[in-house]
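Asker: The structure under discussion is supplied below as C-alpha cells; questions concerning it will follow.
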Amino acid sequence: MFRELRRKKQKLSMTDCVEILNRGTSGVLALAGDDGYPYALPISYVYDGEKLYFHSAKSGHKLDAILRNPKASFCVIDKDQIVPEEYTTYFRSVIVFGTIRILEDDAERWKGIEKLALKYAPDDTQENRKNAIEREWKPLCMLEMTPEYISGKEAIELVGR
C-alpha cells in the first residue's frame, strides 16, 4: 500500500526514525484540504513511541480537513545542511503516514496535552503544568495520529556516518 524507497541505501532504520521523531520539535502535517487542495501546516507534536499528538483549536481548516478525511502524513526534517559547492543539501527526514482522530474523552485529551507539555517544558513543576493546561482547557482540542507507515531517508553523503 505504501511505496518503498527507491534508494534503499539511503533508508533510515526504524530506530533512527524513532530517534528523529523523539528529538524533533515541529513538523509539517499534510491533510486533504478544501476543494481538493493539499493543506500542509507546520505544527508542534509529541511522539510517545506509538502515537503522535497535536493540539488544535476546536474549529478551523485543520479540523474540517480531518473530519472530511482522517488520512494524513507528517514530516519531520532532522537535518538540512546546504552544501553550495555541491549544489545539494545533506538532509535527513522522517515521514509518517496514518490516520488522525479527534480526542473527545477528557481523560484522553488530558493525557495527550500532558505529553506535549512534558516535551516542551520538561523542567516545569507538575503544579505549573497542571495550571497551564487548566488555563487553556476549554478551547483545547487534541488530535491523535496512529502511524500506519513510517519511513526515513538521508542524503547519500550521510550514509554510514
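Each chain in the C-alpha cells gets a letter, A, B, ..., in the order shown, and its residues are numbered from 1; ligands are numbered from 1 in order too.
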Tell me, counting only C-alpha atoms, for each residue of segment 30-117 of chain A within 8 Å of segment 147-155 of chain A, which pair of atoms is nearest and how far apart they are in Å to one decimal, in rows ordered by chain and increasing number, as CSV.

Answerer:
```
residue,atom,partner,partner_atom,distance
A:Glu50,CA,A:Pro147,CA,7.5
A:Lys51,CA,A:Pro147,CA,6.6
A:Leu52,CA,A:Pro147,CA,7.8
A:Thr89,CA,A:Ala155,CA,7.6
A:Tyr90,CA,A:Ala155,CA,5.2
A:Phe91,CA,A:Ala155,CA,5.2
A:Arg92,CA,A:Glu154,CA,4.1
A:Ser93,CA,A:Gly152,CA,5.6
A:Val94,CA,A:Gly152,CA,4.1
A:Ile95,CA,A:Ser151,CA,5.5
A:Val96,CA,A:Ile150,CA,4.5
A:Phe97,CA,A:Tyr149,CA,5.2
A:Gly98,CA,A:Pro147,CA,4.3
A:Thr99,CA,A:Pro147,CA,6.8
```

Asker: Create the file for the chosen residues now, containing N, CA and C atoms and written as a JSON list (two decimals), in the first residue's frame.

Answerer:
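Here's the written file again22.json:
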```
[["chain", "number", "residue", "atom", "x", "y", "z"],
["A", 50, "GLU", "N", 4.21, 5.22, 20.15],
["A", 50, "GLU", "CA", 3.11, 4.55, 19.47],
["A", 50, "GLU", "C", 2.26, 5.52, 18.64],
["A", 51, "LYS", "N", 2.01, 6.69, 19.20],
["A", 51, "LYS", "CA", 1.12, 7.67, 18.57],
["A", 51, "LYS", "C", 1.79, 9.04, 18.56],
["A", 52, "LEU", "N", 1.30, 9.88, 17.65],
["A", 52, "LEU", "CA", 1.69, 11.28, 17.61],
["A", 52, "LEU", "C", 0.51, 12.10, 18.13],
["A", 89, "THR", "N", 21.93, 19.46, -0.73],
["A", 89, "THR", "CA", 21.80, 19.54, 0.72],
["A", 89, "THR", "C", 22.07, 18.16, 1.29],
["A", 90, "TYR", "N", 22.62, 18.15, 2.48],
["A", 90, "TYR", "CA", 22.75, 16.91, 3.23],
["A", 90, "TYR", "C", 21.53, 16.89, 4.16],
["A", 91, "PHE", "N", 20.61, 16.02, 3.88],
["A", 91, "PHE", "CA", 19.32, 16.02, 4.58],
["A", 91, "PHE", "C", 19.09, 14.72, 5.33],
["A", 92, "ARG", "N", 18.18, 14.79, 6.28],
["A", 92, "ARG", "CA", 17.70, 13.60, 6.99],
["A", 92, "ARG", "C", 16.28, 13.93, 7.43],
["A", 93, "SER", "N", 15.33, 13.05, 7.12],
["A", 93, "SER", "CA", 13.94, 13.33, 7.46],
["A", 93, "SER", "C", 13.16, 12.03, 7.65],
["A", 94, "VAL", "N", 12.01, 12.19, 8.27],
["A", 94, "VAL", "CA", 11.10, 11.07, 8.51],
["A", 94, "VAL", "C", 9.71, 11.49, 8.07],
["A", 95, "ILE", "N", 9.00, 10.56, 7.44],
["A", 95, "ILE", "CA", 7.60, 10.79, 7.07],
["A", 95, "ILE", "C", 6.76, 9.69, 7.71],
["A", 96, "VAL", "N", 5.67, 10.12, 8.33],
["A", 96, "VAL", "CA", 4.72, 9.20, 8.96],
["A", 96, "VAL", "C", 3.40, 9.31, 8.19],
["A", 97, "PHE", "N", 2.86, 8.16, 7.80],
["A", 97, "PHE", "CA", 1.53, 8.11, 7.21],
["A", 97, "PHE", "C", 0.61, 7.45, 8.23],
["A", 98, "GLY", "N", -0.59, 7.98, 8.37],
["A", 98, "GLY", "CA", -1.52, 7.38, 9.31],
["A", 98, "GLY", "C", -2.86, 8.09, 9.30],
["A", 99, "THR", "N", -3.64, 7.78, 10.31],
["A", 99, "THR", "CA", -4.96, 8.40, 10.44],
["A", 99, "THR", "C", -5.01, 9.19, 11.75]]
```

Asker: Can you list, as a list in words, every protein, DNA or RNA residue that comes within 8 Å of segment 138-145 of chain A when you count only C-alpha atoms, leaving out same-chain residues fewer than 6 positions away?

Answerer: Lys51, Leu52, Tyr53, Phe54, His55, Ser56, Ala57, Lys58, Gly98, Thr99, Ile100, Arg101, Ile102, Leu103, Arg109, Gly112 and Ile113 of chain A

Asker: Calculate how many Å separate atom CA of Leu63 of chain A from atom CA of Gly36 of chain A, rounding to one decimal.

Answerer: 15.3 Å

Asker: Tell me, in Å to one decimal, how far atom CA of Ser73 of chain A is from atom CA of Val28 of chain A.

Answerer: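 Computing it gives 8.2 Å between the two atoms.
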
Asker: So which bits of chain A end up strand (DSSP E or B) when you DSSP the backbone, as a ChimeraX atom specification?

Answerer: /A:11,26-32,38-44,46-47,52-56,71-83,88-103,141-154

Asker: Let me make sure I understand: among A:Glu108, A:Asp34, A:Glu85, A:Asp80, which one has the smallest atom-to-atom distance to Ile66 of chain A if we use only C-alpha atoms?

Answerer: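 Residue with the minimum atom-to-atom distance to Ile66 of chain A: A:Asp34.
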
Asker: What parts of segment 8-155 of chain A does DSSP call alpha helix (DSSP H)? I'd like the answer as a compact mmCIF listing (two decimals) with C-alpha atoms, in the first residue's frame.

Answerer:
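Saved as selection16.txt:
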```txt
# COMPACT_ATOMS: atom_id res chain seq x y z
CA MET A 14 13.19 2.30 12.40
CA THR A 15 15.44 3.07 15.40
CA ASP A 16 16.79 6.15 13.60
CA CYS A 17 13.27 7.21 12.62
CA VAL A 18 12.08 6.96 16.22
CA GLU A 19 15.08 8.97 17.45
CA ILE A 20 14.29 11.72 14.94
CA LEU A 21 10.62 11.76 15.93
CA ASN A 22 11.62 11.98 19.59
CA ARG A 23 14.12 14.82 19.19
CA HIS A 61 -9.31 24.40 8.37
CA LYS A 62 -7.31 21.63 10.08
CA LEU A 63 -10.32 20.10 11.86
CA ASP A 64 -12.56 20.46 8.79
CA ALA A 65 -9.97 18.55 6.76
CA ILE A 66 -9.62 15.80 9.39
CA LEU A 67 -13.38 15.39 9.69
CA ARG A 68 -13.63 15.08 5.91
CA ASP A 106 -11.43 14.29 28.69
CA ALA A 107 -9.03 11.71 30.13
CA GLU A 108 -7.53 11.06 26.67
CA ARG A 109 -7.31 14.78 25.96
CA TRP A 110 -5.53 15.34 29.29
CA LYS A 111 -3.02 12.55 28.64
CA GLY A 112 -2.28 13.94 25.19
CA ILE A 113 -1.76 17.55 26.26
CA GLU A 114 0.28 16.45 29.26
CA LYS A 115 2.64 14.55 26.93
CA LEU A 116 3.05 17.71 24.85
CA ALA A 117 3.62 19.82 27.95
CA LEU A 118 6.26 17.42 29.27
CA LYS A 119 8.09 17.51 25.94
CA TYR A 120 8.17 21.29 25.62
CA GLN A 126 3.75 19.35 37.93
CA GLU A 127 1.68 22.11 39.55
CA ASN A 128 2.65 24.72 36.93
CA ARG A 129 2.00 22.24 34.13
CA LYS A 130 -1.43 21.43 35.57
CA ASN A 131 -2.29 25.13 35.92
CA ALA A 132 -1.19 25.87 32.35
CA ILE A 133 -3.29 23.02 30.98
CA GLU A 134 -6.32 24.06 33.01
CA ARG A 135 -5.98 27.67 31.77
CA GLU A 136 -6.17 26.51 28.13
```

Asker: Taking into account only C-alpha atoms, which residue in the set A:Tyr87, A:Ser26, A:Ala32, A:Thr125 is nearest to Tyr45 of chain A?

Answerer: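 Closest to Tyr45 of chain A of all the choices is A:Ser26.
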